[in-house]
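K.L.:
The structure under discussion is supplied below as C-alpha coordinates; questions concerning it will follow.
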Amino acid sequence: MGTRELGLPDRVPSASALPERVTIWEVGPRDGLQNEKAIVPVEVKLEFLDKLADSGLTTLEATSFVSPKWVPQLADAEQLLAGLDKREGIRYPVLVPNERGLDRALEAGVSHIAIFASATETFAKKNLNSTVDDQFAMFEPVVTRARAEGLDVRGYVSMCFGDPWEGAVPAAQVAGVGKRLLDLGCSQLSLGDTIGVATAGQVEALIGLFPDVGTLAVHFHDTYGQALANTLAALRCGVSTVDSSAGGLGGCPYAESATGNLATEDLVWMLDGLGVETGVDLDALVATSKWMAGKLGRPSPSRVVNALAG
(Lines give C-alpha, C1' and ligand atoms only; values in the text may rest on other atoms or scores of the structure.)
Protein backbone atom coordinates (compact mmCIF):
# COMPACT_ATOMS: atom_id res chain seq x y z
CA MET A 1 0.00 0.00 0.00
CA GLY A 2 1.37 3.44 -0.91
CA THR A 3 1.82 6.46 1.29
CA ARG A 4 -1.36 8.18 0.16
CA GLU A 5 -3.52 5.16 0.99
CA LEU A 6 -1.92 5.09 4.44
CA GLY A 7 -2.76 8.66 5.30
CA LEU A 8 -0.98 11.31 3.24
CA PRO A 9 -3.76 13.81 2.46
CA ASP A 10 -4.49 15.42 -0.85
CA ARG A 11 -2.32 18.41 -1.55
CA VAL A 12 -3.67 21.44 0.30
CA PRO A 13 -1.91 24.67 -0.68
CA SER A 14 -0.74 26.78 2.25
CA ALA A 15 -2.49 30.05 2.99
CA SER A 16 0.97 31.60 3.30
CA ALA A 17 3.28 32.20 0.38
CA LEU A 18 5.50 29.19 -0.29
CA PRO A 19 7.81 28.28 -3.16
CA GLU A 20 6.08 26.32 -5.92
CA ARG A 21 9.00 23.91 -5.95
CA VAL A 22 11.69 23.01 -3.42
CA THR A 23 15.08 21.59 -4.29
CA ILE A 24 16.12 18.91 -1.81
CA TRP A 25 19.87 18.74 -1.23
CA GLU A 26 20.28 15.12 -0.15
CA VAL A 27 23.17 14.76 2.32
CA GLY A 28 22.59 11.15 3.37
CA PRO A 29 25.51 9.59 1.47
CA ARG A 30 27.96 12.08 3.01
CA ASP A 31 26.65 13.68 6.21
CA GLY A 32 24.41 10.71 6.88
CA LEU A 33 27.18 8.11 6.81
CA GLN A 34 30.21 10.02 8.12
CA ASN A 35 29.41 9.17 11.75
CA GLU A 36 28.88 5.44 11.30
CA LYS A 37 31.10 3.37 13.59
CA ALA A 38 31.38 0.48 11.17
CA ILE A 39 32.76 1.13 7.70
CA VAL A 40 30.01 0.97 5.09
CA PRO A 41 31.29 -0.86 1.99
CA VAL A 42 31.70 1.32 -1.07
CA GLU A 43 29.41 -1.03 -3.01
CA VAL A 44 26.60 -0.28 -0.54
CA LYS A 45 27.23 3.47 -0.85
CA LEU A 46 27.07 3.26 -4.64
CA GLU A 47 23.79 1.34 -4.51
CA PHE A 48 22.45 3.88 -2.02
CA LEU A 49 23.25 6.70 -4.45
CA ASP A 50 21.57 4.84 -7.29
CA LYS A 51 18.43 4.19 -5.27
CA LEU A 52 18.25 7.83 -4.18
CA ALA A 53 18.52 8.90 -7.82
CA ASP A 54 15.77 6.41 -8.72
CA SER A 55 13.49 8.12 -6.18
CA GLY A 56 13.74 11.42 -8.05
CA LEU A 57 16.30 13.28 -5.95
CA THR A 58 18.55 15.36 -8.20
CA THR A 59 21.22 16.69 -5.81
CA LEU A 60 23.12 13.95 -3.99
CA GLU A 61 26.06 15.01 -1.83
CA ALA A 62 28.20 12.00 -2.56
CA THR A 63 31.22 12.13 -0.25
CA SER A 64 33.90 14.30 1.30
CA PHE A 65 37.62 14.78 0.67
CA VAL A 66 38.48 15.28 4.32
CA SER A 67 41.43 13.51 5.90
CA PRO A 68 40.76 9.78 6.35
CA LYS A 69 42.36 10.16 9.77
CA TRP A 70 39.49 12.36 10.95
CA VAL A 71 36.62 10.79 8.99
CA PRO A 72 37.60 7.19 8.17
CA GLN A 73 34.09 6.39 6.96
CA LEU A 74 34.72 8.57 3.88
CA ALA A 75 38.27 7.39 3.15
CA ASP A 76 36.97 5.71 -0.01
CA ALA A 77 36.03 9.00 -1.75
CA GLU A 78 38.16 8.40 -4.83
CA GLN A 79 37.01 4.79 -5.14
CA LEU A 80 33.38 5.79 -4.78
CA LEU A 81 33.53 8.51 -7.43
CA ALA A 82 35.43 6.24 -9.81
CA GLY A 83 32.66 3.64 -9.51
CA LEU A 84 29.75 6.09 -9.62
CA ASP A 85 27.49 5.88 -12.65
CA LYS A 86 26.69 9.58 -12.91
CA ARG A 87 23.32 10.34 -14.41
CA GLU A 88 22.46 13.28 -16.61
CA GLY A 89 20.56 15.95 -14.71
CA ILE A 90 21.82 14.86 -11.28
CA ARG A 91 24.45 16.77 -9.33
CA TYR A 92 26.94 14.94 -7.12
CA PRO A 93 28.62 17.63 -4.97
CA VAL A 94 31.44 16.75 -2.59
CA LEU A 95 32.73 18.45 0.51
CA VAL A 96 36.31 19.77 0.56
CA PRO A 97 38.08 21.22 3.62
CA ASN A 98 41.16 22.81 2.05
CA GLU A 99 43.35 22.98 -1.06
CA ARG A 100 44.51 19.39 -0.66
CA GLY A 101 40.88 18.31 -0.64
CA LEU A 102 40.30 20.41 -3.75
CA ASP A 103 43.26 18.75 -5.47
CA ARG A 104 41.72 15.35 -4.82
CA ALA A 105 38.30 16.52 -5.96
CA LEU A 106 39.68 17.93 -9.22
CA GLU A 107 41.58 14.73 -9.88
CA ALA A 108 38.32 12.83 -9.39
CA GLY A 109 36.58 15.02 -11.97
CA VAL A 110 33.92 16.62 -9.77
CA SER A 111 31.95 19.67 -10.90
CA HIS A 112 30.37 20.80 -7.63
CA ILE A 113 32.09 21.29 -4.28
CA ALA A 114 31.15 22.61 -0.86
CA ILE A 115 33.27 24.22 1.83
CA PHE A 116 32.34 24.39 5.48
CA ALA A 117 32.79 27.32 7.85
CA SER A 118 31.99 27.99 11.48
CA ALA A 119 30.01 30.88 12.92
CA THR A 120 31.67 30.45 16.33
CA GLU A 121 35.24 30.51 17.59
CA THR A 122 35.10 27.27 19.57
CA PHE A 123 33.70 25.22 16.74
CA ALA A 124 36.16 26.78 14.31
CA LYS A 125 38.96 25.61 16.59
CA LYS A 126 37.56 22.11 17.09
CA ASN A 127 36.42 21.51 13.50
CA LEU A 128 38.94 23.50 11.45
CA ASN A 129 41.79 24.15 13.86
CA SER A 130 41.34 27.82 13.01
CA THR A 131 39.58 30.98 14.12
CA VAL A 132 36.48 32.53 12.60
CA ASP A 133 38.58 35.18 10.84
CA ASP A 134 41.47 32.93 9.85
CA GLN A 135 39.21 30.32 8.24
CA PHE A 136 38.65 32.67 5.31
CA ALA A 137 42.34 32.65 4.46
CA MET A 138 41.99 28.89 4.04
CA PHE A 139 38.82 29.16 1.97
CA GLU A 140 39.92 31.93 -0.40
CA PRO A 141 42.36 29.90 -2.55
CA VAL A 142 39.96 26.95 -2.59
CA VAL A 143 37.06 29.01 -3.90
CA THR A 144 39.22 31.00 -6.32
CA ARG A 145 40.78 27.89 -7.85
CA ALA A 146 37.49 26.02 -7.96
CA ARG A 147 35.69 28.85 -9.73
CA ALA A 148 38.60 29.20 -12.18
CA GLU A 149 38.18 25.49 -12.99
CA GLY A 150 34.47 26.03 -13.65
CA LEU A 151 33.24 24.36 -10.47
CA ASP A 152 30.17 25.50 -8.57
CA VAL A 153 30.91 26.23 -4.90
CA ARG A 154 28.53 26.00 -1.98
CA GLY A 155 29.33 27.33 1.48
CA TYR A 156 28.12 25.73 4.69
CA VAL A 157 27.93 27.70 7.94
CA SER A 158 27.82 25.60 11.11
CA MET A 159 26.50 26.59 14.54
CA CYS A 160 24.10 29.19 13.16
CA PHE A 161 21.72 29.18 16.11
CA GLY A 162 23.43 27.58 19.07
CA ASP A 163 26.85 26.25 20.05
CA PRO A 164 27.31 23.59 22.78
CA TRP A 165 30.31 25.47 24.18
CA GLU A 166 29.30 29.10 23.62
CA GLY A 167 25.51 28.98 23.88
CA ALA A 168 23.21 31.12 21.75
CA VAL A 169 24.84 32.56 18.63
CA PRO A 170 23.94 36.14 17.62
CA ALA A 171 22.26 36.27 14.22
CA ALA A 172 24.44 39.20 13.12
CA GLN A 173 27.55 37.09 13.81
CA VAL A 174 26.24 34.32 11.58
CA ALA A 175 25.22 36.73 8.84
CA GLY A 176 28.70 38.24 8.87
CA VAL A 177 30.30 34.85 8.25
CA GLY A 178 27.75 33.97 5.58
CA LYS A 179 28.17 37.20 3.68
CA ARG A 180 31.94 36.76 3.64
CA LEU A 181 31.51 33.32 2.05
CA LEU A 182 29.22 34.76 -0.59
CA ASP A 183 31.71 37.56 -1.25
CA LEU A 184 34.44 34.93 -1.75
CA GLY A 185 32.43 33.45 -4.61
CA CYS A 186 30.10 30.84 -3.13
CA SER A 187 26.94 30.60 -5.20
CA GLN A 188 24.85 29.23 -2.34
CA LEU A 189 24.98 29.39 1.44
CA SER A 190 23.59 26.62 3.64
CA LEU A 191 22.68 27.82 7.14
CA GLY A 192 23.17 24.95 9.56
CA ASP A 193 21.46 24.32 12.88
CA THR A 194 24.24 21.94 13.81
CA ILE A 195 22.93 20.90 17.22
CA GLY A 196 19.23 21.28 16.49
CA VAL A 197 18.32 24.07 18.92
CA ALA A 198 16.78 26.62 16.53
CA THR A 199 13.21 27.86 16.71
CA ALA A 200 11.11 29.25 13.88
CA GLY A 201 11.46 32.82 15.14
CA GLN A 202 15.25 32.54 15.12
CA VAL A 203 15.15 31.17 11.59
CA GLU A 204 13.07 34.08 10.34
CA ALA A 205 15.30 36.61 12.08
CA LEU A 206 18.49 35.19 10.58
CA ILE A 207 17.16 34.85 7.05
CA GLY A 208 15.95 38.44 7.26
CA LEU A 209 19.56 39.63 7.53
CA PHE A 210 20.40 38.41 4.01
CA PRO A 211 19.38 40.67 1.11
CA ASP A 212 19.16 37.83 -1.44
CA VAL A 213 17.19 34.91 -0.04
CA GLY A 214 17.70 33.11 -3.35
CA THR A 215 21.29 32.35 -2.35
CA LEU A 216 20.24 30.55 0.84
CA ALA A 217 19.58 26.96 1.82
CA VAL A 218 18.79 25.59 5.27
CA HIS A 219 20.15 22.56 7.10
CA PHE A 220 18.31 21.49 10.25
CA HIS A 221 18.88 18.80 12.83
CA ASP A 222 15.96 17.42 14.79
CA THR A 223 17.34 17.33 18.34
CA TYR A 224 14.29 19.12 19.79
CA GLY A 225 11.82 18.03 17.13
CA GLN A 226 11.81 21.45 15.46
CA ALA A 227 13.35 20.64 12.07
CA LEU A 228 10.09 20.62 10.08
CA ALA A 229 8.74 23.74 11.81
CA ASN A 230 12.00 25.53 11.14
CA THR A 231 11.96 24.41 7.52
CA LEU A 232 8.45 25.73 7.04
CA ALA A 233 9.49 29.05 8.55
CA ALA A 234 12.41 29.23 6.11
CA LEU A 235 10.17 28.43 3.14
CA ARG A 236 7.78 31.19 4.14
CA CYS A 237 10.76 33.55 4.09
CA GLY A 238 11.46 32.57 0.48
CA VAL A 239 14.10 29.85 0.86
CA SER A 240 13.63 27.09 -1.74
CA THR A 241 16.57 24.73 -1.10
CA VAL A 242 16.47 22.40 1.90
CA ASP A 243 19.14 19.96 3.07
CA SER A 244 17.94 16.62 4.38
CA SER A 245 19.13 13.06 4.84
CA ALA A 246 17.33 9.92 3.73
CA GLY A 247 16.16 8.01 6.77
CA GLY A 248 17.25 10.85 9.07
CA LEU A 249 20.80 9.54 9.08
CA GLY A 250 23.69 11.60 10.36
CA GLY A 251 24.81 13.95 13.05
CA CYS A 252 27.92 15.92 13.82
CA PRO A 253 31.14 14.25 15.02
CA TYR A 254 32.24 17.43 16.81
CA ALA A 255 29.00 18.17 18.67
CA GLU A 256 27.90 15.34 20.95
CA SER A 257 24.41 16.73 21.54
CA ALA A 258 23.51 16.67 17.84
CA THR A 259 21.03 14.11 16.63
CA GLY A 260 20.14 13.14 13.10
CA ASN A 261 19.46 15.41 10.18
CA LEU A 262 15.97 16.26 9.05
CA ALA A 263 14.73 13.08 7.39
CA THR A 264 14.09 13.47 3.67
CA GLU A 265 10.91 11.36 3.93
CA ASP A 266 9.50 13.59 6.66
CA LEU A 267 10.30 16.65 4.56
CA VAL A 268 8.69 15.22 1.40
CA TRP A 269 5.60 14.17 3.36
CA MET A 270 5.13 17.76 4.57
CA LEU A 271 5.83 19.32 1.17
CA ASP A 272 3.54 16.90 -0.64
CA GLY A 273 0.74 17.81 1.72
CA LEU A 274 1.34 21.52 1.08
CA GLY A 275 1.28 21.13 -2.67
CA VAL A 276 4.96 22.03 -3.03
CA GLU A 277 6.67 20.11 -5.82
CA THR A 278 9.89 18.17 -5.18
CA GLY A 279 9.97 15.61 -7.98
CA VAL A 280 10.49 12.87 -5.38
CA ASP A 281 8.59 9.58 -5.29
CA LEU A 282 7.94 9.19 -1.58
CA ASP A 283 7.26 5.46 -1.74
CA ALA A 284 10.53 4.81 -3.57
CA LEU A 285 12.39 7.00 -1.07
CA VAL A 286 10.88 5.20 1.93
CA ALA A 287 11.86 1.86 0.40
CA THR A 288 15.41 3.14 -0.05
CA SER A 289 15.70 4.27 3.56
CA LYS A 290 14.28 0.98 4.81
CA TRP A 291 16.89 -0.80 2.68
CA MET A 292 19.70 1.36 4.07
CA ALA A 293 18.52 0.88 7.64
CA GLY A 294 18.73 -2.86 7.04
CA LYS A 295 22.28 -2.50 5.75
CA LEU A 296 23.21 -0.54 8.88
CA GLY A 297 21.43 -3.01 11.15
CA ARG A 298 19.20 -0.59 13.00
CA PRO A 299 15.84 1.21 12.68
CA SER A 300 15.65 4.47 10.79
CA PRO A 301 15.19 7.69 12.84
CA SER A 302 12.66 8.92 10.25
CA ARG A 303 9.12 9.16 11.58
CA VAL A 304 7.63 8.49 8.15
CA VAL A 305 9.82 5.46 7.55
CA ASN A 306 8.90 4.01 10.93
CA ALA A 307 5.20 4.72 10.42
CA LEU A 308 5.34 2.83 7.13
CA ALA A 309 7.56 0.06 8.45
CA GLY A 310 4.92 -2.60 8.18
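All residue names refer to the C-alpha coordinates as shown: chains lettered A, B, ... in order, residues numbered from 1 in each chain, ligands numbered from 1 in order.
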Range 53-69 of chain A: which residues within 7 Å, counting only C-alpha atoms, same-chain residues fewer than 5 positions away excluded, as a ChimeraX atom specification?
P.N.:
/A:24-27,29-30,74-75,77,89-97,101,104-105,279-281,284-285
K.L.:
Output as a PyMOL selection string all residues of range 64-243 of chain A that backbone DSSP marks as alpha helix (DSSP H).
P.N.:
chain A and resi 77-83+99-107+121-128+135-148+171-184+200-207+227-236
K.L.:
Set the distance at 8 Å and use only C-alpha atoms: which residues neighbour Ala263 in chain A once local chain neighbours fewer than 3 positions away are removed? I'd like the list as a ChimeraX atom specification.
P.N.:
/A:244-249,260,266-267,301-302
K.L.:
For each of A:Ala233, A:Val304, A:Ala287, A:Ala17, take the minimum atom-to-atom distance to Leu52 in chain A, counting only C-alpha atoms, then give the residue where this is smallest.
P.N.:
A:Ala287
K.L.:
Counting only C-alpha atoms, which residue out of A:Gln79, A:Thr23, A:Thr194, A:Ser130 sits closest to Thr278 in chain A?
P.N.:
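Once distances to Thr278 in chain A are computed over only C-alpha atoms, the minimum belongs to A:Thr23.
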K.L.:
Give me, as a list in words, the residues of range 9-156 of chain A that a backbone DSSP run labels strand (DSSP E or B).
P.N.:
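Residues meeting the strand (DSSP E or B) criterion: Arg21, Thr23, Ile24, Trp25, Glu26, Thr59, Leu60, Thr63, Ser64, Arg91, Val94, Leu95, His112, Ile113, Ala114, Ile115, Phe116, Ala117, Ser118, Asp152, Val153, Arg154, Gly155 and Tyr156 of chain A.
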K.L.:
My list of candidates is A:Ala205, A:Leu128, A:Pro41, A:Ser118. Which is closest to Ala172 in chain A when distances are computed with only C-alpha atoms?
P.N.:
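Closest to Ala172 in chain A of all the choices is A:Ala205.
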